[in-house]
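Enquirer: Enclosed is the structure file final17.cif (mmCIF, C-alpha atoms; chains and numbers go by the auth columns).
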```
data_upload
#
loop_
_atom_site.group_PDB
_atom_site.id
_atom_site.type_symbol
_atom_site.label_atom_id
_atom_site.label_comp_id
_atom_site.label_asym_id
_atom_site.label_seq_id
_atom_site.Cartn_x
_atom_site.Cartn_y
_atom_site.Cartn_z
_atom_site.B_iso_or_equiv
_atom_site.auth_seq_id
_atom_site.auth_asym_id
ATOM 1 C CA SER A 1 100.245 43.904 -58.799 0.00 38 U
ATOM 2 C CA PRO A 2 98.929 43.472 -55.408 0.00 39 U
ATOM 3 C CA PRO A 3 97.350 40.251 -54.395 0.00 40 U
ATOM 4 C CA LEU A 4 93.658 39.879 -55.085 0.00 41 U
ATOM 5 C CA ALA A 5 92.594 39.918 -51.587 0.00 42 U
ATOM 6 C CA ASP A 6 94.237 43.187 -51.073 0.00 43 U
ATOM 7 C CA ALA A 7 92.882 44.577 -54.275 0.00 44 U
ATOM 8 C CA SER A 8 89.265 44.227 -53.114 0.00 45 U
ATOM 9 C CA LEU A 9 90.110 46.108 -50.002 0.00 46 U
ATOM 10 C CA ALA A 10 91.944 48.717 -51.840 0.00 47 U
ATOM 11 C CA MET A 11 89.001 49.460 -54.004 0.00 48 U
ATOM 12 C CA SER A 12 86.479 49.764 -51.348 0.00 49 U
ATOM 13 C CA LYS A 13 85.632 53.141 -50.128 0.00 50 U
ATOM 14 C CA PRO A 14 85.068 54.050 -46.609 0.00 51 U
ATOM 15 C CA VAL A 15 81.334 53.740 -45.724 0.00 52 U
ATOM 16 C CA ASP A 16 79.426 56.233 -43.601 0.00 53 U
ATOM 17 C CA VAL A 17 77.530 54.019 -41.143 0.00 54 U
ATOM 18 C CA ALA A 18 74.898 56.658 -40.339 0.00 55 U
ATOM 19 C CA ALA A 19 74.185 57.219 -44.003 0.00 56 U
ATOM 20 C CA ALA A 20 74.046 53.469 -44.586 0.00 57 U
ATOM 21 C CA ALA A 21 71.426 53.055 -41.817 0.00 58 U
ATOM 22 C CA THR A 22 69.074 55.518 -43.442 0.00 59 U
ATOM 23 C CA ALA A 23 69.559 53.959 -46.837 0.00 60 U
ATOM 24 C CA LEU A 24 68.251 50.536 -45.725 0.00 61 U
ATOM 25 C CA PRO A 25 64.737 49.639 -46.802 0.00 62 U
ATOM 26 C CA PRO A 26 62.092 50.392 -44.123 0.00 63 U
ATOM 27 C CA VAL A 27 60.851 47.607 -41.821 0.00 64 U
ATOM 28 C CA LEU A 28 57.470 46.346 -43.031 0.00 65 U
ATOM 29 C CA LYS A 29 54.648 46.733 -40.534 0.00 66 U
ATOM 30 C CA THR A 30 51.345 44.814 -40.686 0.00 67 U
ATOM 31 C CA PRO A 31 48.561 46.952 -42.182 0.00 68 U
ATOM 32 C CA ASP A 32 45.268 47.506 -40.294 0.00 69 U
ATOM 33 C CA ASP A 33 42.055 45.703 -41.359 0.00 70 U
ATOM 34 C CA ASP A 34 40.756 48.797 -43.150 0.00 71 U
ATOM 35 C CA ASP A 35 44.081 49.488 -44.916 0.00 72 U
ATOM 36 C CA PRO A 36 43.798 49.019 -48.717 0.00 73 U
ATOM 37 C CA GLU A 37 47.300 47.432 -48.761 0.00 74 U
ATOM 38 C CA LEU A 38 46.072 44.528 -46.595 0.00 75 U
ATOM 39 C CA GLU A 39 45.000 42.683 -49.763 0.00 76 U
ATOM 40 C CA LEU A 40 48.630 42.710 -50.973 0.00 77 U
ATOM 41 C CA PHE A 41 50.207 42.036 -47.601 0.00 78 U
ATOM 42 C CA ASP A 42 47.820 39.294 -46.228 0.00 79 U
ATOM 43 C CA PRO A 43 45.283 38.104 -48.839 0.00 80 U
ATOM 44 C CA GLU A 44 43.739 35.511 -46.496 0.00 81 U
ATOM 45 C CA ARG A 45 43.102 38.064 -43.746 0.00 82 U
ATOM 46 C CA HIS A 46 41.746 40.454 -46.356 0.00 83 U
ATOM 47 C CA ALA A 47 39.329 37.741 -47.664 0.00 84 U
ATOM 48 C CA ALA A 48 38.230 36.953 -44.088 0.00 85 U
ATOM 49 C CA ASN A 49 37.536 40.659 -43.466 0.00 86 U
ATOM 50 C CA LEU A 50 35.527 40.880 -46.680 0.00 87 U
ATOM 51 C CA GLU A 51 33.474 37.834 -45.636 0.00 88 U
ATOM 52 C CA LYS A 52 32.913 39.301 -42.163 0.00 89 U
ATOM 53 C CA THR A 53 31.770 42.582 -43.726 0.00 90 U
ATOM 54 C CA ARG A 54 29.466 40.741 -46.140 0.00 91 U
ATOM 55 C CA LEU A 55 27.908 38.710 -43.313 0.00 92 U
ATOM 56 C CA ALA A 56 27.409 41.857 -41.216 0.00 93 U
ATOM 57 C CA GLU A 57 25.727 43.606 -44.155 0.00 94 U
ATOM 58 C CA GLU A 58 23.478 40.564 -44.742 0.00 95 U
ATOM 59 C CA ALA A 59 22.557 40.543 -41.031 0.00 96 U
ATOM 60 C CA ASP A 60 21.759 44.258 -41.197 0.00 97 U
ATOM 61 C CA ALA A 61 19.654 43.673 -44.322 0.00 98 U
ATOM 62 C CA ALA A 62 17.819 40.767 -42.619 0.00 99 U
ATOM 63 C CA ALA A 63 17.184 42.930 -39.551 0.00 100 U
ATOM 64 C CA LEU A 64 15.840 45.731 -41.752 0.00 101 U
ATOM 65 C CA GLU A 65 13.619 43.250 -43.604 0.00 102 U
ATOM 66 C CA ALA A 66 12.308 41.864 -40.300 0.00 103 U
ATOM 67 C CA GLU A 67 11.614 45.408 -39.080 0.00 104 U
ATOM 68 C CA ARG A 68 9.818 46.206 -42.371 0.00 105 U
ATOM 69 C CA ALA A 69 7.727 43.015 -42.046 0.00 106 U
ATOM 70 C CA ALA A 70 6.870 43.882 -38.429 0.00 107 U
ATOM 71 C CA LEU A 71 5.829 47.394 -39.485 0.00 108 U
ATOM 72 C CA GLU A 72 3.679 45.969 -42.287 0.00 109 U
ATOM 73 C CA ALA A 73 2.040 43.533 -39.849 0.00 110 U
ATOM 74 C CA GLU A 74 1.406 46.364 -37.407 0.00 111 U
ATOM 75 C CA ALA A 75 -0.083 48.479 -40.207 0.00 112 U
ATOM 76 C CA ALA A 76 -2.323 45.567 -41.266 0.00 113 U
ATOM 77 C CA ALA A 77 -3.456 45.106 -37.650 0.00 114 U
ATOM 78 C CA LEU A 78 -4.221 48.821 -37.376 0.00 115 U
ATOM 79 C CA GLU A 79 -6.171 48.700 -40.650 0.00 116 U
ATOM 80 C CA ALA A 80 -8.148 45.705 -39.357 0.00 117 U
ATOM 81 C CA GLU A 81 -8.896 47.550 -36.085 0.00 118 U
ATOM 82 C CA ALA A 82 -9.951 50.646 -38.027 0.00 119 U
ATOM 83 C CA ALA A 83 -12.213 48.554 -40.271 0.00 120 U
ATOM 84 C CA ALA A 84 -13.769 46.848 -37.232 0.00 121 U
ATOM 85 C CA ALA A 85 -14.277 50.203 -35.527 0.00 122 U
ATOM 86 C CA GLN A 86 -15.823 51.648 -38.695 0.00 123 U
ATOM 87 C CA LYS A 87 -18.116 48.621 -38.924 0.00 124 U
ATOM 88 C CA LEU A 88 -19.253 49.195 -35.337 0.00 125 U
ATOM 89 C CA VAL A 89 -19.825 52.883 -36.056 0.00 126 U
ATOM 90 C CA ASP A 90 -21.778 52.032 -39.224 0.00 127 U
ATOM 91 C CA GLU A 91 -23.896 49.425 -37.382 0.00 128 U
ATOM 92 C CA ALA A 92 -24.591 51.847 -34.531 0.00 129 U
ATOM 93 C CA ALA A 93 -25.524 54.584 -36.999 0.00 130 U
ATOM 94 C CA ALA A 94 -27.828 52.192 -38.884 0.00 131 U
ATOM 95 C CA ALA A 95 -29.444 51.040 -35.635 0.00 132 U
ATOM 96 C CA THR A 96 -29.901 54.643 -34.507 0.00 133 U
ATOM 97 C CA ALA A 97 -31.369 55.600 -37.891 0.00 134 U
ATOM 98 C CA ALA A 98 -33.738 52.606 -37.778 0.00 135 U
ATOM 99 C CA ALA A 99 -34.800 53.501 -34.240 0.00 136 U
ATOM 100 C CA LEU A 100 -35.377 57.114 -35.259 0.00 137 U
ATOM 101 C CA GLU A 101 -37.406 55.998 -38.269 0.00 138 U
ATOM 102 C CA ALA A 102 -39.459 53.666 -36.074 0.00 139 U
ATOM 103 C CA ASP A 103 -40.019 56.469 -33.552 0.00 140 U
ATOM 104 C CA ALA A 104 -41.031 58.845 -36.343 0.00 141 U
ATOM 105 C CA ALA A 105 -43.424 56.251 -37.806 0.00 142 U
ATOM 106 C CA ALA A 106 -44.914 55.586 -34.361 0.00 143 U
ATOM 107 C CA ALA A 107 -45.288 59.326 -33.737 0.00 144 U
ATOM 108 C CA ALA A 108 -46.946 59.817 -37.140 0.00 145 U
ATOM 109 C CA LYS A 109 -49.310 56.896 -36.476 0.00 146 U
ATOM 110 C CA LEU A 110 -50.161 58.297 -33.041 0.00 147 U
ATOM 111 C CA GLN A 111 -50.841 61.728 -34.545 0.00 148 U
ATOM 112 C CA GLU A 112 -53.028 60.136 -37.188 0.00 149 U
ATOM 113 C CA GLU A 113 -54.959 58.172 -34.556 0.00 150 U
ATOM 114 C CA GLU A 114 -55.387 61.301 -32.449 0.00 151 U
ATOM 115 C CA ALA A 115 -56.639 63.216 -35.490 0.00 152 U
ATOM 116 C CA GLN A 116 -59.099 60.410 -36.279 0.00 153 U
ATOM 117 C CA ALA A 117 -60.263 60.385 -32.654 0.00 154 U
ATOM 118 C CA ARG A 118 -60.777 64.170 -32.799 0.00 155 U
ATOM 119 C CA ASP A 119 -62.687 63.794 -36.057 0.00 156 U
ATOM 120 C CA MET A 120 -64.873 61.046 -34.569 0.00 157 U
ATOM 121 C CA SER A 121 -65.401 63.139 -31.465 0.00 158 U
ATOM 122 C CA ASN A 122 -66.535 66.021 -33.652 0.00 159 U
ATOM 123 C CA VAL A 123 -68.915 63.714 -35.566 0.00 160 U
ATOM 124 C CA ASP A 124 -70.248 62.215 -32.322 0.00 161 U
ATOM 125 C CA SER A 125 -70.755 65.624 -30.770 0.00 162 U
ATOM 126 C CA PHE A 126 -72.480 66.814 -33.932 0.00 163 U
ATOM 127 C CA PHE A 127 -75.012 63.965 -33.934 0.00 164 U
ATOM 128 C CA ALA A 128 -75.353 63.321 -30.206 0.00 165 U
ATOM 129 C CA PRO A 129 -76.875 65.719 -27.720 0.00 166 U
ATOM 130 C CA THR A 130 -74.417 67.366 -25.402 0.00 167 U
ATOM 131 C CA PRO A 131 -74.564 66.194 -21.792 0.00 168 U
ATOM 132 C CA ALA A 132 -75.612 69.663 -20.675 0.00 169 U
ATOM 133 C CA ALA A 133 -78.505 69.679 -23.151 0.00 170 U
ATOM 134 C CA ALA A 134 -79.618 66.183 -22.138 0.00 171 U
ATOM 135 C CA SER A 135 -79.467 66.749 -18.385 0.00 172 U
ATOM 136 C CA SER A 136 -80.625 70.284 -18.034 0.00 173 U
ATOM 137 C CA PRO A 137 -83.166 71.581 -20.479 0.00 174 U
ATOM 138 C CA PRO A 138 -83.680 75.306 -20.768 0.00 175 U
ATOM 139 C CA PRO A 139 -85.389 76.574 -17.615 0.00 176 U
ATOM 140 C CA GLY A 140 -89.099 77.131 -17.837 0.00 177 U
ATOM 141 C CA LYS A 141 -89.652 74.924 -20.889 0.00 178 U
ATOM 142 C CA PHE A 142 -89.266 71.418 -19.440 0.00 179 U
ATOM 143 C CA LEU A 143 -90.201 69.727 -16.196 0.00 180 U
ATOM 144 C CA GLU A 144 -88.483 66.687 -14.740 0.00 181 U
ATOM 145 C CA VAL A 145 -90.963 64.039 -13.555 0.00 182 U
ATOM 146 C CA LEU A 146 -90.275 60.921 -11.430 0.00 183 U
ATOM 147 C CA CYS A 147 -92.216 57.854 -12.545 0.00 184 U
ATOM 148 C CA PRO A 148 -93.980 56.565 -9.399 0.00 185 U
ATOM 149 C CA PRO A 149 -94.119 52.870 -8.400 0.00 186 U
ATOM 150 C CA GLY A 150 -96.818 50.913 -10.205 0.00 187 U
ATOM 151 C CA LYS A 151 -96.811 53.209 -13.222 0.00 188 U
ATOM 152 C CA GLY A 152 -95.155 52.607 -16.624 0.00 189 U
ATOM 153 C CA PRO A 153 -95.102 53.571 -20.289 0.00 190 U
ATOM 154 C CA GLY A 154 -98.437 54.898 -21.557 0.00 191 U
ATOM 155 C CA ASP A 155 -99.844 55.679 -18.079 0.00 192 U
ATOM 156 C CA VAL A 156 -101.103 59.201 -17.438 0.00 193 U
ATOM 157 C CA LEU A 157 -99.808 61.004 -14.373 0.00 194 U
ATOM 158 C CA LEU A 158 -101.126 64.103 -12.666 0.00 195 U
ATOM 159 C CA VAL A 159 -98.133 66.464 -12.184 0.00 196 U
ATOM 160 C CA GLN A 160 -97.938 69.850 -10.447 0.00 197 U
ATOM 161 C CA GLY A 161 -96.309 72.427 -12.736 0.00 198 U
ATOM 162 C CA PRO A 162 -94.049 75.317 -11.745 0.00 199 U
ATOM 163 C CA ASP A 163 -96.980 77.678 -11.556 0.00 200 U
ATOM 164 C CA GLY A 164 -98.669 75.376 -9.020 0.00 201 U
ATOM 165 C CA LEU A 165 -101.263 74.059 -11.418 0.00 202 U
ATOM 166 C CA SER A 166 -101.750 70.312 -11.815 0.00 203 U
ATOM 167 C CA VAL A 167 -101.165 68.990 -15.314 0.00 204 U
ATOM 168 C CA SER A 168 -101.374 65.532 -16.848 0.00 205 U
ATOM 169 C CA ALA A 169 -98.299 63.835 -18.408 0.00 206 U
ATOM 170 C CA ASN A 170 -97.943 60.560 -20.282 0.00 207 U
ATOM 171 C CA VAL A 171 -95.113 58.195 -19.164 0.00 208 U
ATOM 172 C CA PRO A 172 -92.946 57.698 -22.302 0.00 209 U
ATOM 173 C CA ALA A 173 -91.919 54.279 -23.629 0.00 210 U
ATOM 174 C CA GLY A 174 -88.899 52.711 -21.963 0.00 211 U
ATOM 175 C CA VAL A 175 -89.357 54.552 -18.622 0.00 212 U
ATOM 176 C CA ARG A 176 -89.754 52.329 -15.569 0.00 213 U
ATOM 177 C CA PRO A 177 -90.878 53.118 -12.025 0.00 214 U
ATOM 178 C CA GLY A 178 -88.233 55.178 -10.176 0.00 215 U
ATOM 179 C CA GLU A 179 -86.774 56.667 -13.359 0.00 216 U
ATOM 180 C CA LYS A 180 -87.037 60.330 -14.343 0.00 217 U
ATOM 181 C CA PHE A 181 -88.292 61.740 -17.622 0.00 218 U
ATOM 182 C CA LEU A 182 -88.849 65.206 -19.040 0.00 219 U
ATOM 183 C CA ILE A 183 -92.082 66.765 -20.165 0.00 220 U
ATOM 184 C CA SER A 184 -92.385 69.919 -22.214 0.00 221 U
ATOM 185 C CA LEU A 185 -94.243 72.654 -20.439 0.00 222 U
ATOM 186 C CA ALA A 186 -95.323 74.031 -23.812 0.00 223 U
ATOM 187 C CA THR A 187 -97.237 70.870 -24.607 0.00 224 U
ATOM 188 C CA ILE A 188 -98.841 70.520 -21.197 0.00 225 U
ATOM 189 C CA ALA A 189 -102.421 71.394 -21.453 0.00 226 U
ATOM 190 C CA ALA A 190 -104.280 72.457 -18.430 0.00 227 U
ATOM 191 C CA PRO A 191 -106.678 69.774 -17.238 0.00 228 U
ATOM 192 C CA PRO A 192 -110.231 70.356 -18.206 0.00 229 U
ATOM 193 C CA SER A 193 -112.085 72.475 -15.721 0.00 230 U
ATOM 194 C CA PRO A 194 -114.613 70.615 -13.596 0.00 231 U
ATOM 195 C CA PRO A 195 -118.239 70.796 -14.788 0.00 232 U
#
```
Starting from the file, give its structure as structure tokens.
Expert:
Amino acid sequence: SPPLADASLAMSKPVDVAAAATALPPVLKTPDDDDPELELFDPERHAANLEKTRLAEEADAAALEAERAALEAEAAALEAEAAAAQKLVDEAAAATAAALEADAAAAAKLQEEEAQARDMSNVDSFFAPTPAAASSPPPGKFLEVLCPPGKGPGDVLLVQGPDGLSVSANVPAGVRPGEKFLISLATIAAPPSPP
């Protein structure tokens, strides 16, 4: 039998180097951060990536919460402004309504006073002589006489009538010298004829 050293060589088969190169296990490459195999290949890096992702998500959530709080504050401010504006509108409307009511009350009072004045004027004109009647009696029925100096109430005056005849007239009470008074031509009697 051949020596042992030779026997191992004798048993070996020739090896195809090209085929042997393809049969070797592949060279391991480092997986990317988003590769699911990273957890198996580099657990520490995988844990660090998970922590980084968690912190980023928490930061996003905090930013969203801050934005929500800012929007709520802005909405509350807008509601407060709207309430203040509505209060101003309500106060202005109430003031306008009060002013209109006061104007209406004043107008009604003025109308009432004017109506009362008209009523009083009608009463006064009913009981008092009209200025035309007091100042100008119907023509031919009255005669205006001037009270001469030195004469007064109760004195008898000799007056020339419209027909040229002299008539006597009594000065009425309350008439003073220089004042005018009326005498009725119907009541004037002709003076007695001389004897």
Enquirer: How far is it from CA of Gly215 in chain U to CA of Glu181 in chain U, in Å with one decimal?
Expert: 12.4 Å
Enquirer: In Å, rounded to a single decimal, give me how far CA of Leu219 in chain U is from CA of Lys188 in chain U.
Expert: 15.5 Å
Enquirer: Identify, on the basis of all atoms listed in the file, every residue whose closest approach to Ser205 in chain U does not exceed 7 Å; exclude the query and any residue fewer than 4 positions from it along the same chain; express the result as an mmCIF file with C-alpha atoms, in the frame of the given file.
Expert:
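Listed below is the output, out.cif:
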```cif
data_model
loop_
_atom_site.group_PDB
_atom_site.id
_atom_site.type_symbol
_atom_site.label_atom_id
_atom_site.label_comp_id
_atom_site.auth_asym_id
_atom_site.auth_seq_id
_atom_site.Cartn_x
_atom_site.Cartn_y
_atom_site.Cartn_z
ATOM 1 C CA VAL U 193 -101.103 59.201 -17.438
ATOM 2 C CA LEU U 194 -99.808 61.004 -14.373
ATOM 3 C CA LEU U 195 -101.126 64.103 -12.666
ATOM 4 C CA VAL U 196 -98.133 66.464 -12.184
ATOM 5 C CA PRO U 228 -106.678 69.774 -17.238
#
```
Enquirer: As an exercise, work out the distance from CA of Ala141 in chain U to CA of Gln153 in chain U in Å and give it to one decimal place.
Expert: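 It comes out at 18.1 Å.
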Enquirer: Quick one: residues within 12 Å of Leu75 in chain U, all atoms listed in the file counted, chain neighbours fewer than 4 positions away excluded, as an NGL selection string?
Expert: :U and (66-71 or 79-87)
Enquirer: Kindly export the residues of the current selection with C-alpha atoms, as a PDB file, in the frame of the given file.
Expert:
```pdb
ATOM      1  CA  LYS U  66      54.648  46.733 -40.534  1.00  0.00           C
ATOM      2  CA  THR U  67      51.345  44.814 -40.686  1.00  0.00           C
ATOM      3  CA  PRO U  68      48.561  46.952 -42.182  1.00  0.00           C
ATOM      4  CA  ASP U  69      45.268  47.506 -40.294  1.00  0.00           C
ATOM      5  CA  ASP U  70      42.055  45.703 -41.359  1.00  0.00           C
ATOM      6  CA  ASP U  71      40.756  48.797 -43.150  1.00  0.00           C
ATOM      7  CA  ASP U  79      47.820  39.294 -46.228  1.00  0.00           C
ATOM      8  CA  PRO U  80      45.283  38.104 -48.839  1.00  0.00           C
ATOM      9  CA  GLU U  81      43.739  35.511 -46.496  1.00  0.00           C
ATOM     10  CA  ARG U  82      43.102  38.064 -43.746  1.00  0.00           C
ATOM     11  CA  HIS U  83      41.746  40.454 -46.356  1.00  0.00           C
ATOM     12  CA  ALA U  84      39.329  37.741 -47.664  1.00  0.00           C
ATOM     13  CA  ALA U  85      38.230  36.953 -44.088  1.00  0.00           C
ATOM     14  CA  ASN U  86      37.536  40.659 -43.466  1.00  0.00           C
ATOM     15  CA  LEU U  87      35.527  40.880 -46.680  1.00  0.00           C
TER      16      LEU U  87
END
```
Enquirer: To test the calculation: enclose all listed atoms of range 194-212 of chain U in a box whose edges run along x, y and z, add 6 Å on each side, then state centre and edge lengths in Å to one decimal, as AutoDock Vina command-line options.
Expert:
```
--center_x -95.3 --center_y 65.2 --center_z -16.3 --size_x 24.9 --size_y 37.0 --size_z 26.6
```
Enquirer: Find the residues around Pro186 in chain U up to 12 Å (all atoms listed in the file counted), leave out those fewer than 3 positions away in its own chain, and share them as a PyMOL selection string.
Expert: chain U and resi 183+189-190+192+194+212-217
